[in-house]
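Trainee: Following this message is one structure expressed as structure tokens.
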Amino acid sequence: PAKVARFEERVAADEFIEPNDWMPEAYRKTLVRQISQHAHSEIVGMLPEGNWLTRAPSLARKAILLAKIQDEAGHGLYLYCAAETLGTSRQEMIEALHSGKAKYSTIFNYPTLTWADIGAIGWLVDGAAIMNQVPLQRTSYGPYARAMVRICKEESFHQRQGFDLLLQLVNGTPEQKAMAQDALGRWWWPSLMMFGPPDDQSPNTARSMRWRIKRETNDELRQRFVDATVPQAELLGLKVPDPDLTWNEERGHYDFGEIDWAEFYAVVRGDGPLAKERLKARRDAWDQGAWVREAADAYEAKQAQRSLAA
Amino acid sequence: PAKVARFEERVAADEFIEPNDWMPEAYRKTLVRQISQHAHSEIVGMLPEGNWLTRAPSLARKAILLAKIQDEAGHGLYLYCAAETLGTSRQEMIEALHSGKAKYSTIFNYPTLTWADIGAIGWLVDGAAIMNQVPLQRTSYGPYARAMVRICKEESFHQRQGFDLLLQLVNGTPEQKAMAQDALGRWWWPSLMMFGPPDDQSPNTARSMRWRIKRETNDELRQRFVDATVPQAELLGLKVPDPDLTWNEERGHYDFGEIDWAEFYAVVRGDGPLAKERLKARRDAWDQGAWVREAADAYEAKQAQRSLAA
Amino acid sequence: MADPLFEYLQRLGDDSLILAQRLCEWCGRAPSVEVDLSIANMGLDLLGQAQLFLAYAGEIEGKGRDEDALAYHRDAAEFRNCLLVEQPNGDFAQTMARQFLFSLHRELLLEALTASSDTRIAEIAAKAVKEVRYHVELSSDWVIRLGDGTDESHRRMEEGLDWFWRFVDEMFELDALETELASSGIAADRRALRGEFDRRMTEVVERATLEVKPSQWPLSGGRRGRHGEELSRMLAEMQVLARAYPDARW
Amino acid sequence: MADPLFEYLQRLGDDSLILAQRLCEWCGRAPSVEVDLSIANMGLDLLGQAQLFLAYAGEIEGKGRDEDALAYHRDAAEFRNCLLVEQPNGDFAQTMARQFLFSLHRELLLEALTASSDTRIAEIAAKAVKEVRYHVELSSDWVIRLGDGTDESHRRMEEGLDWFWRFVDEMFELDALETELASSGIAADRRALRGEFDRRMTEVVERATLEVKPSQWPLSGGRRGRHGEELSRMLAEMQVLARAYPDARW
């Protein structure tokens with residue numbers, strides 16, 4: 001109890017908790033769940049973008065997309081490492097993903113249907129991610145906070161690239177503009193869902209905020225995202241697919257329509273449009289790569305033995 | 001020896017030898033080799049054509065090509081059955097193919113690079129096959145001869161379709177015409193090689209002809225093919241890639257250039273441009289289908305047991 | 001808004017076309033020559049049906065597009081096939097599961113359409129239903145044989161059916177467009193076919209010693225052009241020549 | 001006949017472009033996140049090299065084609081890459097075998113080209129050689145690790161090298177065009193690189209406890225546009241958007 005009090009005190013004072021510091025089990029568990037979910041999202045998120053990598057319509061755009069996907073793999077790595085400092089191995093985390101026990105962002109269960117979706121993902125999905133992540137640069141767990149600093153810098157770069165891709169489309173041929181509008185139409189609502197259930201259905205929020213694992217509520221972040229994104233859509237000349245969207249002078253915020261929570265919970269449950277395909281792709285990659293990982297281990301072992309013998 | 005004499009007599013009298021008749025071992029072996037090679041050619045031959053099936057540029061052409069490939073699978077089946085009447089199982093023949101022991105027509109080790117190649121295969125490859133096969137309708141082994149009757153009818157249909165495909169191309173855009181010319185340029189020489197080595201390097205020809213397994217020599221058939229095909233090329237307005245090709249008034253035949261026999265023997269040896277890919281494709285199909293064939297066998301066995309028990 | 005009949009004919013034609021294209025991918029790669037033959041057979045039937053429905057669709061549209069223009073010059077979002085038929089082949093068990101689920105629905109639909117008040121549709125359906133009846137037989141046989149074969153084939157067949165389950169409901173959806181066409185006797189009421197589908201499907205699945213999985217969150221969107229990620233990839237291959245040489249005739 | 005320098009630059013650029021495209025196919029499917037990262041890394045380097053060589057090629061041609069026009073609007077027969085780089089990925093061992101054989105040849109070629117009398121080529125080569133040196137290291141490490149790993153990885157690695165052996169000679173062919181360009185100091189004499197290639201290749205293969213197979217019938221034709229069956233299929237995917245929307249800029 002003295003430990004707990006001391007811990008709570010440090011966190012309240014915005015001190016960083018480090019791997020070897022004492023922490024409550026629930027704090028550790030919540031963090032592992034949150035960080036590994038974030039790591040899995042980066043890795044699964046490579047798939048919808050990778051779907052258009054081989055079809056990118058110019059060499060420059062192909063290089064930008066490949067670099068972006070590479071960054072995501074890198075983020076996945078930092079985050080797995082951060083989670084490992086909490087005593088959970090990467091193997092365990094990956095098995096939890098493959099068994100469906102661990103989650104990843106619901107958004108990656110939607111399909112990328114045209115090239116414009118690559119722009120929409122950069123602009124909206126990375127945009128939403130930034131909203132979530134910027135406050136986490138001051139999260140209470142040191143390794144996580146430091147990973148976030150680096151990730152946020154790259155994410156905002158990605159967001160600008162996504163916006164730029166769409167800008168090119170809306171200034172292009174009528175087909176290109178239609179493609180961009182269609183993409184916004186499909187990605188808008190799933191992006192809003194990225195912030196999670198509404199506050200009144202998010203029971204752990206209070207504790208996570210006290211622990212500085214979360215620093216703002218789902219609804220606050222969602223509102224901030226809408227407020228930031230709607231003007232950008234106007235800049236692009238694209239229509240947000242929400243008839244209820246209006247500027248509320250009094251609140252100083254946009255009012256927006258009701259999210260289809262039935263769809264949200266279905267996707268969370270693992271029933272997203274491409275949920276099965278995504279998990280299968282990850283599992284297949286992992287299973288088909290097993291012999292490579294085993295070979296690398298065997299080689300390391302032999303090398304260790306050789307240097308021992310030498 | 002009396003049996004041999006009686007056999008030779010019957011063959012010389014153009015009687016059919018049937019599965020239960022006595023026959024010399026060498027006759028049986030030669031036939032199995034020849035028929036199974038022919039069967040394998042039908043099956044491997046599905047691959048270069050299948051390569052363009054998913055890309056056929058009109059629905060009608062796609063249907064024609066699919067029907068053609070289906071016919072080839074059918075030919076493969078008749079021929080495997082004909083060979084089985086000689087006491088060799090299909091399993092054995094397929095294993096011989098996959099181990100590289102059994103051969104198939106060298107032509108199928110060349111790649112199909114454009115849609116025009118589908119026309120060239122129908123016109124030239126099926127054309128050459130017909131030259132080889134028409135005389136085999138009167139071959140001495142009954143089941144083989146009867147299979148040939150049916151096969152020849154379908155092959156000449158395929159040849160006309162191939163010619164028709166090319167006719168459409170040469171009457172089309174400049175790119176289409178160039179595609180047709182390029183295809184003839186690539187398929188001409190390999191087609192001439194389909195008739196096998198020159199007579200003076202084909203030691204078994206005499207015996208095979210005596211046994212009516214072969215009814216004309218390689219060079220005779222090759223000449224007949226050239227004589228029939230060159231006018232067709234002229235009709236198409238395409239140039240045969242042979243500077244030495246000229247009509248020889250005296251012989252009443254076309255003279256033509258020397259075949260690159262080094263290439264021929266390399267391809268026979270298994271070094272054709274796509275030889276490894278073709279065998280791998282067949283092996284993979286067979287290996288990946290093993291569980292299906294096993295399941296079918298297991299089901300048959302269960303059914304047999306059930307009807308026994310009933 | 002496009003003519004409802006034009007839309008409907010595209011749905012009918014695209015289902016056949018896209019499944020035929022998937023079957024073409026098996027060419028030369030089936031577990032045996034006999035199977036190669038029967039897959040080609042079904043592919044040919046489906047191609048023929050696609051040609052008839054799409055040719056008629058082009059006539060109804062009246063803009064001079066024939067079946068090839070529709071097959072080769074529409075983007076993925078313009079295709080009206082159900083999601084099931086565009087799904088990748090997977091292993092042979094998956095291919096047969098897809099074929100069974102689709103063909104069974106299709107047989108019932110075509111049967112109903114033989115009574116369509118549109119005589120052209122009724123004629124095409126009368127021809128096609130015989131072909132599809134055979135596809136149902138062939139694929140049922142495989143479902144049963146694999147389900148009741150070895151442990152491995154049983155597992156694969158169960159996974160195959162399970163994998164496609166979420167695409168079944170879409171085939172029985174009746175949207176406003178089809179409701180209207182059905183009320184004038186042109187289209188069939190897809191919902192009315194579901195009972196018979198379930199009955200016959202269950203019969204086969206039981207004979208195959210398999211279990212029907214509890215229903216999953218059903219997916220749809222194909223009829224509105226909202227497809228999965230694989231369709232555009234398939235079309236890139238299928239349409240490549242027509243797109244690269246727009247002026248050519250073949 | 002096209003300008004020899006234009007031809008040569010396409011050869012250099014297409015080798016990079018086509019291999020980069022193959023590497024892109026691995027995206028998200030590698031044996032580990034670390035491997036995904038390093039494949040993406042090599043892909044990016046190769047893409048960059050392709051852009052530089054093809055942009056220069058377009059300038060030399062002088063018909064207003066830039067690197068994208070060349071990448072997206074040529075048919076398979078117009079591509080000038082060697083056959084090795086267009087070969088399908090196969091398993092990870094095959095991918096690393098292909099990468100090792102190509103990168104080793106490429107490092108030697110680029111090293112020689114840093115002394116090209118064409119300063120633009122020399123500059124590109126100077127930048128690229130550093131990148132490719134790292135690709136050689138990375139792929140050698142995998143050849144050794146897999147060759148000297150488990151029995152399975154040993155077998156796969158051996159099969160992987162064996163599978164690509166027939167495409168090696170082509171990379172050292174010096175046709176009339178390159179002979180002429182080499183005599184004026186623009187191109188490198190590819191034949192002169194073979195000894196060093198064999199030496200270093202053998203060193204790695206031996207450390208990997210693998211055996212070099214007796215030479216096979218070598219295949220070539222890529223430099224003349226005679227490719228295998230897979231290139232056109234790859235291009236159908238790569239070029240689909242550029243072909244479907246010829247007027248669009250991206």
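Just so we're on the same page: first chain in the structure tokens is A, next is B, and so on; residues restart at 1 for each chain, and ligands are numbered from 1 in the order they show up.
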When the cut-off is 9 Å and we count only C-alpha atoms, which residues of chain D are near chain A, given as a PyMOL selection string?
Mentor: chain D and resi 21-22+24-34+36-38+40-41+43-44+47-48+50-51+67-69+71-72+91-93+142+144-154+234+237-242+245+247-250
Trainee: Please dump the current selection as a compact mmCIF listing (two decimals), in the first residue's frame; keep C-alpha atoms.
Mentor:
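Full text of selection-v6.txt as output:
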# COMPACT_ATOMS: atom_id res chain seq x y z
CA GLN D 21 8.66 -4.35 -57.72
CA ARG D 22 9.29 -7.96 -56.75
CA CYS D 24 7.30 -4.80 -52.88
CA GLU D 25 5.32 -8.03 -53.17
CA TRP D 26 6.79 -9.15 -49.83
CA CYS D 27 5.31 -6.20 -48.00
CA GLY D 28 3.76 -7.34 -44.73
CA ARG D 29 4.49 -10.99 -45.46
CA ALA D 30 8.11 -11.45 -44.41
CA PRO D 31 9.23 -13.94 -41.76
CA SER D 32 9.63 -11.17 -39.17
CA VAL D 33 9.13 -7.44 -38.84
CA GLU D 34 12.88 -6.97 -39.00
CA ASP D 36 10.07 -6.73 -43.61
CA LEU D 37 12.07 -3.63 -42.74
CA SER D 38 15.20 -4.69 -44.54
CA ALA D 40 11.57 -2.42 -47.75
CA ASN D 41 14.93 -0.78 -47.34
CA GLY D 43 13.25 -1.88 -52.34
CA LEU D 44 13.53 1.83 -51.65
CA LEU D 47 13.40 2.33 -56.68
CA GLY D 48 15.57 5.39 -56.25
CA ALA D 50 15.52 3.16 -61.15
CA GLN D 51 14.21 6.71 -61.02
CA GLU D 67 10.86 7.96 -65.67
CA ASP D 68 7.16 7.37 -65.10
CA ALA D 69 6.37 7.27 -68.80
CA ALA D 71 8.01 2.63 -66.14
CA TYR D 72 4.29 2.71 -66.77
CA ASP D 91 10.14 -18.68 -50.77
CA PHE D 92 12.41 -16.51 -48.65
CA ALA D 93 15.48 -18.56 -49.58
CA TRP D 142 21.05 -14.67 -45.17
CA ILE D 144 25.11 -18.06 -44.94
CA ARG D 145 22.59 -18.13 -42.12
CA LEU D 146 20.12 -20.26 -44.05
CA GLY D 147 22.78 -22.46 -45.62
CA ASP D 148 24.37 -23.10 -42.23
CA GLY D 149 21.10 -23.10 -40.27
CA THR D 150 18.78 -26.11 -40.08
CA ASP D 151 18.51 -29.04 -42.49
CA GLU D 152 15.40 -27.54 -43.97
CA SER D 153 16.91 -24.11 -44.48
CA HIS D 154 20.03 -25.67 -45.96
CA MET D 234 3.78 -8.36 -63.15
CA GLU D 237 -0.50 -5.20 -62.00
CA MET D 238 2.16 -2.51 -61.78
CA GLN D 239 0.82 -0.42 -64.66
CA VAL D 240 -2.90 -0.89 -64.12
CA LEU D 241 -3.72 2.62 -62.93
CA ALA D 242 -1.47 4.40 -65.38
CA TYR D 245 -6.34 6.53 -66.61
CA ASP D 247 -4.66 11.33 -68.79
CA ALA D 248 -4.26 11.45 -65.05
CA ARG D 249 -1.32 12.76 -63.08
CA TRP D 250 -0.74 11.31 -59.65
Trainee: Give me the residues near D:Leu54 as a list in words, where near means some atom within 9 Å (using only C-alpha atoms) and where sequence neighbours in that chain fewer than 5 positions away do not count.
Mentor: Phe6, Leu9, Gln10, Leu12, Gly13, Asp14, Gln49, Glu59, Asp66, Glu67, Asp68, Leu70 and Ala71 of chain D
Trainee: Print the selection's residues with N, CA, C and O atoms to a file, as a PDB file, in the first residue's frame.
Mentor:
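Writing the result to result-v5.pdb gives the following:
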ATOM      1  N   PHE D   6      20.595   5.335 -74.647  1.00  0.00           N
ATOM      2  CA  PHE D   6      19.207   5.184 -74.179  1.00  0.00           C
ATOM      3  C   PHE D   6      18.935   3.718 -73.824  1.00  0.00           C
ATOM      4  O   PHE D   6      18.383   3.404 -72.770  1.00  0.00           O
ATOM      5  N   LEU D   9      20.844   2.766 -70.581  1.00  0.00           N
ATOM      6  CA  LEU D   9      20.247   3.320 -69.363  1.00  0.00           C
ATOM      7  C   LEU D   9      18.962   2.591 -68.992  1.00  0.00           C
ATOM      8  O   LEU D   9      18.644   2.420 -67.817  1.00  0.00           O
ATOM      9  N   GLN D  10      18.226   2.154 -70.003  1.00  0.00           N
ATOM     10  CA  GLN D  10      17.042   1.352 -69.696  1.00  0.00           C
ATOM     11  C   GLN D  10      17.455   0.038 -69.038  1.00  0.00           C
ATOM     12  O   GLN D  10      16.796  -0.435 -68.113  1.00  0.00           O
ATOM     13  N   LEU D  12      20.030  -0.510 -67.178  1.00  0.00           N
ATOM     14  CA  LEU D  12      20.418  -0.238 -65.798  1.00  0.00           C
ATOM     15  C   LEU D  12      19.196   0.080 -64.937  1.00  0.00           C
ATOM     16  O   LEU D  12      19.070  -0.394 -63.803  1.00  0.00           O
ATOM     17  N   GLY D  13      18.303   0.877 -65.485  1.00  0.00           N
ATOM     18  CA  GLY D  13      17.133   1.285 -64.717  1.00  0.00           C
ATOM     19  C   GLY D  13      16.140   0.147 -64.528  1.00  0.00           C
ATOM     20  O   GLY D  13      15.594  -0.036 -63.438  1.00  0.00           O
ATOM     21  N   ASP D  14      15.918  -0.625 -65.581  1.00  0.00           N
ATOM     22  CA  ASP D  14      14.909  -1.687 -65.489  1.00  0.00           C
ATOM     23  C   ASP D  14      15.322  -2.786 -64.518  1.00  0.00           C
ATOM     24  O   ASP D  14      14.474  -3.358 -63.823  1.00  0.00           O
ATOM     25  N   GLN D  49      17.258   4.201 -57.496  1.00  0.00           N
ATOM     26  CA  GLN D  49      18.192   4.014 -58.610  1.00  0.00           C
ATOM     27  C   GLN D  49      17.438   3.956 -59.941  1.00  0.00           C
ATOM     28  O   GLN D  49      17.873   4.514 -60.952  1.00  0.00           O
ATOM     29  N   GLU D  59      15.745  11.609 -70.831  1.00  0.00           N
ATOM     30  CA  GLU D  59      16.398  12.811 -71.362  1.00  0.00           C
ATOM     31  C   GLU D  59      17.199  12.487 -72.621  1.00  0.00           C
ATOM     32  O   GLU D  59      17.166  13.219 -73.605  1.00  0.00           O
ATOM     33  N   ASP D  66       9.418  10.842 -69.300  1.00  0.00           N
ATOM     34  CA  ASP D  66      10.148  10.848 -68.037  1.00  0.00           C
ATOM     35  C   ASP D  66      10.195   9.430 -67.468  1.00  0.00           C
ATOM     36  O   ASP D  66       9.777   8.472 -68.136  1.00  0.00           O
ATOM     37  N   GLU D  67      10.703   9.297 -66.253  1.00  0.00           N
ATOM     38  CA  GLU D  67      10.865   7.961 -65.671  1.00  0.00           C
ATOM     39  C   GLU D  67       9.516   7.243 -65.520  1.00  0.00           C
ATOM     40  O   GLU D  67       9.432   6.028 -65.676  1.00  0.00           O
ATOM     41  N   ASP D  68       8.461   8.008 -65.245  1.00  0.00           N
ATOM     42  CA  ASP D  68       7.156   7.371 -65.098  1.00  0.00           C
ATOM     43  C   ASP D  68       6.611   6.900 -66.445  1.00  0.00           C
ATOM     44  O   ASP D  68       6.014   5.823 -66.534  1.00  0.00           O
ATOM     45  N   LEU D  70       8.326   5.866 -68.850  1.00  0.00           N
ATOM     46  CA  LEU D  70       9.052   4.638 -69.190  1.00  0.00           C
ATOM     47  C   LEU D  70       8.603   3.473 -68.311  1.00  0.00           C
ATOM     48  O   LEU D  70       8.439   2.359 -68.782  1.00  0.00           O
ATOM     49  N   ALA D  71       8.386   3.728 -67.044  1.00  0.00           N
ATOM     50  CA  ALA D  71       8.012   2.633 -66.144  1.00  0.00           C
ATOM     51  C   ALA D  71       6.598   2.145 -66.422  1.00  0.00           C
ATOM     52  O   ALA D  71       6.323   0.946 -66.348  1.00  0.00           O
TER      53      ALA D  71
END
Trainee: Within 6 Å of stretch 33-39 of chain B, counting only C-alpha atoms, which residues show up once you throw out same-chain ones fewer than 3 positions away? Write them as a PyMOL selection string, please.
Mentor: chain B and resi 30+42+76+79-80+83+103-104
Trainee: Go ahead and write the selection's residues with all heavy atoms as a PDB file, in the first residue's frame.
Mentor:
ATOM      1  N   THR B  30       8.117 -49.487 -76.395  1.00  0.00           N
ATOM      2  CA  THR B  30       8.162 -48.331 -77.284  1.00  0.00           C
ATOM      3  C   THR B  30       6.816 -47.607 -77.295  1.00  0.00           C
ATOM      4  O   THR B  30       6.749 -46.378 -77.251  1.00  0.00           O
ATOM      5  CB  THR B  30       8.521 -48.774 -78.717  1.00  0.00           C
ATOM      6  OG1 THR B  30       9.699 -49.575 -78.649  1.00  0.00           O
ATOM      7  CG2 THR B  30       8.763 -47.581 -79.616  1.00  0.00           C
ATOM      8  N   GLU B  42       0.056 -33.334 -73.784  1.00  0.00           N
ATOM      9  CA  GLU B  42      -1.266 -32.704 -73.704  1.00  0.00           C
ATOM     10  C   GLU B  42      -1.432 -31.985 -72.372  1.00  0.00           C
ATOM     11  O   GLU B  42      -1.947 -30.877 -72.302  1.00  0.00           O
ATOM     12  CB  GLU B  42      -2.373 -33.757 -73.860  1.00  0.00           C
ATOM     13  CG  GLU B  42      -2.367 -34.490 -75.201  1.00  0.00           C
ATOM     14  CD  GLU B  42      -2.979 -33.667 -76.342  1.00  0.00           C
ATOM     15  OE1 GLU B  42      -3.448 -32.541 -76.091  1.00  0.00           O
ATOM     16  OE2 GLU B  42      -2.975 -34.156 -77.489  1.00  0.00           O
ATOM     17  N   GLY B  76      -5.390 -35.950 -73.008  1.00  0.00           N
ATOM     18  CA  GLY B  76      -4.461 -36.530 -72.036  1.00  0.00           C
ATOM     19  C   GLY B  76      -5.083 -37.769 -71.396  1.00  0.00           C
ATOM     20  O   GLY B  76      -4.441 -38.822 -71.279  1.00  0.00           O
ATOM     21  N   LEU B  79      -5.302 -40.796 -73.728  1.00  0.00           N
ATOM     22  CA  LEU B  79      -3.988 -41.362 -74.003  1.00  0.00           C
ATOM     23  C   LEU B  79      -3.440 -42.099 -72.787  1.00  0.00           C
ATOM     24  O   LEU B  79      -2.829 -43.160 -72.929  1.00  0.00           O
ATOM     25  CB  LEU B  79      -3.036 -40.262 -74.476  1.00  0.00           C
ATOM     26  CG  LEU B  79      -3.370 -39.723 -75.882  1.00  0.00           C
ATOM     27  CD1 LEU B  79      -2.723 -38.370 -76.110  1.00  0.00           C
ATOM     28  CD2 LEU B  79      -2.911 -40.725 -76.959  1.00  0.00           C
ATOM     29  N   TYR B  80      -3.675 -41.537 -71.611  1.00  0.00           N
ATOM     30  CA  TYR B  80      -3.263 -42.273 -70.403  1.00  0.00           C
ATOM     31  C   TYR B  80      -3.988 -43.618 -70.374  1.00  0.00           C
ATOM     32  O   TYR B  80      -3.403 -44.657 -70.060  1.00  0.00           O
ATOM     33  CB  TYR B  80      -3.568 -41.481 -69.134  1.00  0.00           C
ATOM     34  CG  TYR B  80      -2.564 -40.373 -68.819  1.00  0.00           C
ATOM     35  CD1 TYR B  80      -2.987 -39.082 -68.530  1.00  0.00           C
ATOM     36  CD2 TYR B  80      -1.190 -40.629 -68.777  1.00  0.00           C
ATOM     37  CE1 TYR B  80      -2.077 -38.069 -68.229  1.00  0.00           C
ATOM     38  CE2 TYR B  80      -0.276 -39.625 -68.490  1.00  0.00           C
ATOM     39  CZ  TYR B  80      -0.726 -38.343 -68.211  1.00  0.00           C
ATOM     40  OH  TYR B  80       0.170 -37.350 -67.919  1.00  0.00           O
ATOM     41  N   ALA B  83      -2.452 -46.002 -72.804  1.00  0.00           N
ATOM     42  CA  ALA B  83      -1.173 -46.524 -72.304  1.00  0.00           C
ATOM     43  C   ALA B  83      -1.421 -47.531 -71.183  1.00  0.00           C
ATOM     44  O   ALA B  83      -0.691 -48.520 -71.046  1.00  0.00           O
ATOM     45  CB  ALA B  83      -0.292 -45.372 -71.817  1.00  0.00           C
ATOM     46  N   LYS B 103       9.487 -37.914 -71.157  1.00  0.00           N
ATOM     47  CA  LYS B 103       9.578 -36.636 -71.845  1.00  0.00           C
ATOM     48  C   LYS B 103       8.196 -36.151 -72.258  1.00  0.00           C
ATOM     49  O   LYS B 103       7.220 -36.895 -72.198  1.00  0.00           O
ATOM     50  CB  LYS B 103      10.456 -36.787 -73.091  1.00  0.00           C
ATOM     51  CG  LYS B 103      11.867 -37.262 -72.808  1.00  0.00           C
ATOM     52  CD  LYS B 103      12.643 -36.212 -72.045  1.00  0.00           C
ATOM     53  CE  LYS B 103      14.039 -36.722 -71.667  1.00  0.00           C
ATOM     54  NZ  LYS B 103      14.666 -35.855 -70.661  1.00  0.00           N
ATOM     55  N   TYR B 104       8.165 -34.918 -72.690  1.00  0.00           N
ATOM     56  CA  TYR B 104       6.976 -34.382 -73.357  1.00  0.00           C
ATOM     57  C   TYR B 104       7.489 -33.485 -74.468  1.00  0.00           C
ATOM     58  O   TYR B 104       8.688 -33.203 -74.537  1.00  0.00           O
ATOM     59  CB  TYR B 104       6.087 -33.626 -72.365  1.00  0.00           C
ATOM     60  CG  TYR B 104       6.798 -32.535 -71.601  1.00  0.00           C
ATOM     61  CD1 TYR B 104       6.883 -31.243 -72.115  1.00  0.00           C
ATOM     62  CD2 TYR B 104       7.411 -32.799 -70.378  1.00  0.00           C
ATOM     63  CE1 TYR B 104       7.562 -30.243 -71.426  1.00  0.00           C
ATOM     64  CE2 TYR B 104       8.089 -31.810 -69.691  1.00  0.00           C
ATOM     65  CZ  TYR B 104       8.158 -30.531 -70.223  1.00  0.00           C
ATOM     66  OH  TYR B 104       8.842 -29.553 -69.550  1.00  0.00           O
TER      67      TYR B 104
END
Trainee: Which value, in Å to one decimal, gives the distance between atom CA of C:Ser232 and atom CA of C:Ala76?
Mentor: 5.3 Å
Trainee: Choose the residue, out of D:Ser103, D:Pro4, D:Arg98, D:Leu108, that has the smallest atom-to-atom separation from D:Ala57; count only C-alpha atoms.
Mentor: D:Pro4
Trainee: If I take atom CA of D:Arg155 and atom CA of D:His227, how far is one from the other in Å, to one decimal?
Mentor: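 Here the two named atoms are 28.2 Å from each other.
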Trainee: Of the candidates C:Glu203, C:Asp15, C:Asp75, C:Glu107, which shows the shortest atom-to-atom distance to chain D, using only C-alpha atoms?
Mentor: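 Between C:Glu203, C:Asp15, C:Asp75, C:Glu107, the residue approaching chain D most closely is C:Asp75.
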Trainee: Which parts of stretch 68-130 of chain D does DSSP call helix (DSSP H, G or I) when run on the backbone here, written out as a VMD selection string?
Mentor: chain D and resid 68 to 72 76 to 78 83 to 86 92 to 113 119 to 130
Trainee: Report, in Å to a single decimal, how far apart atom CA of D:Val136 and atom CA of D:Ala208 are.
Mentor: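 Separation between atom CA of D:Ala208 and atom CA of D:Val136: 14.4 Å.
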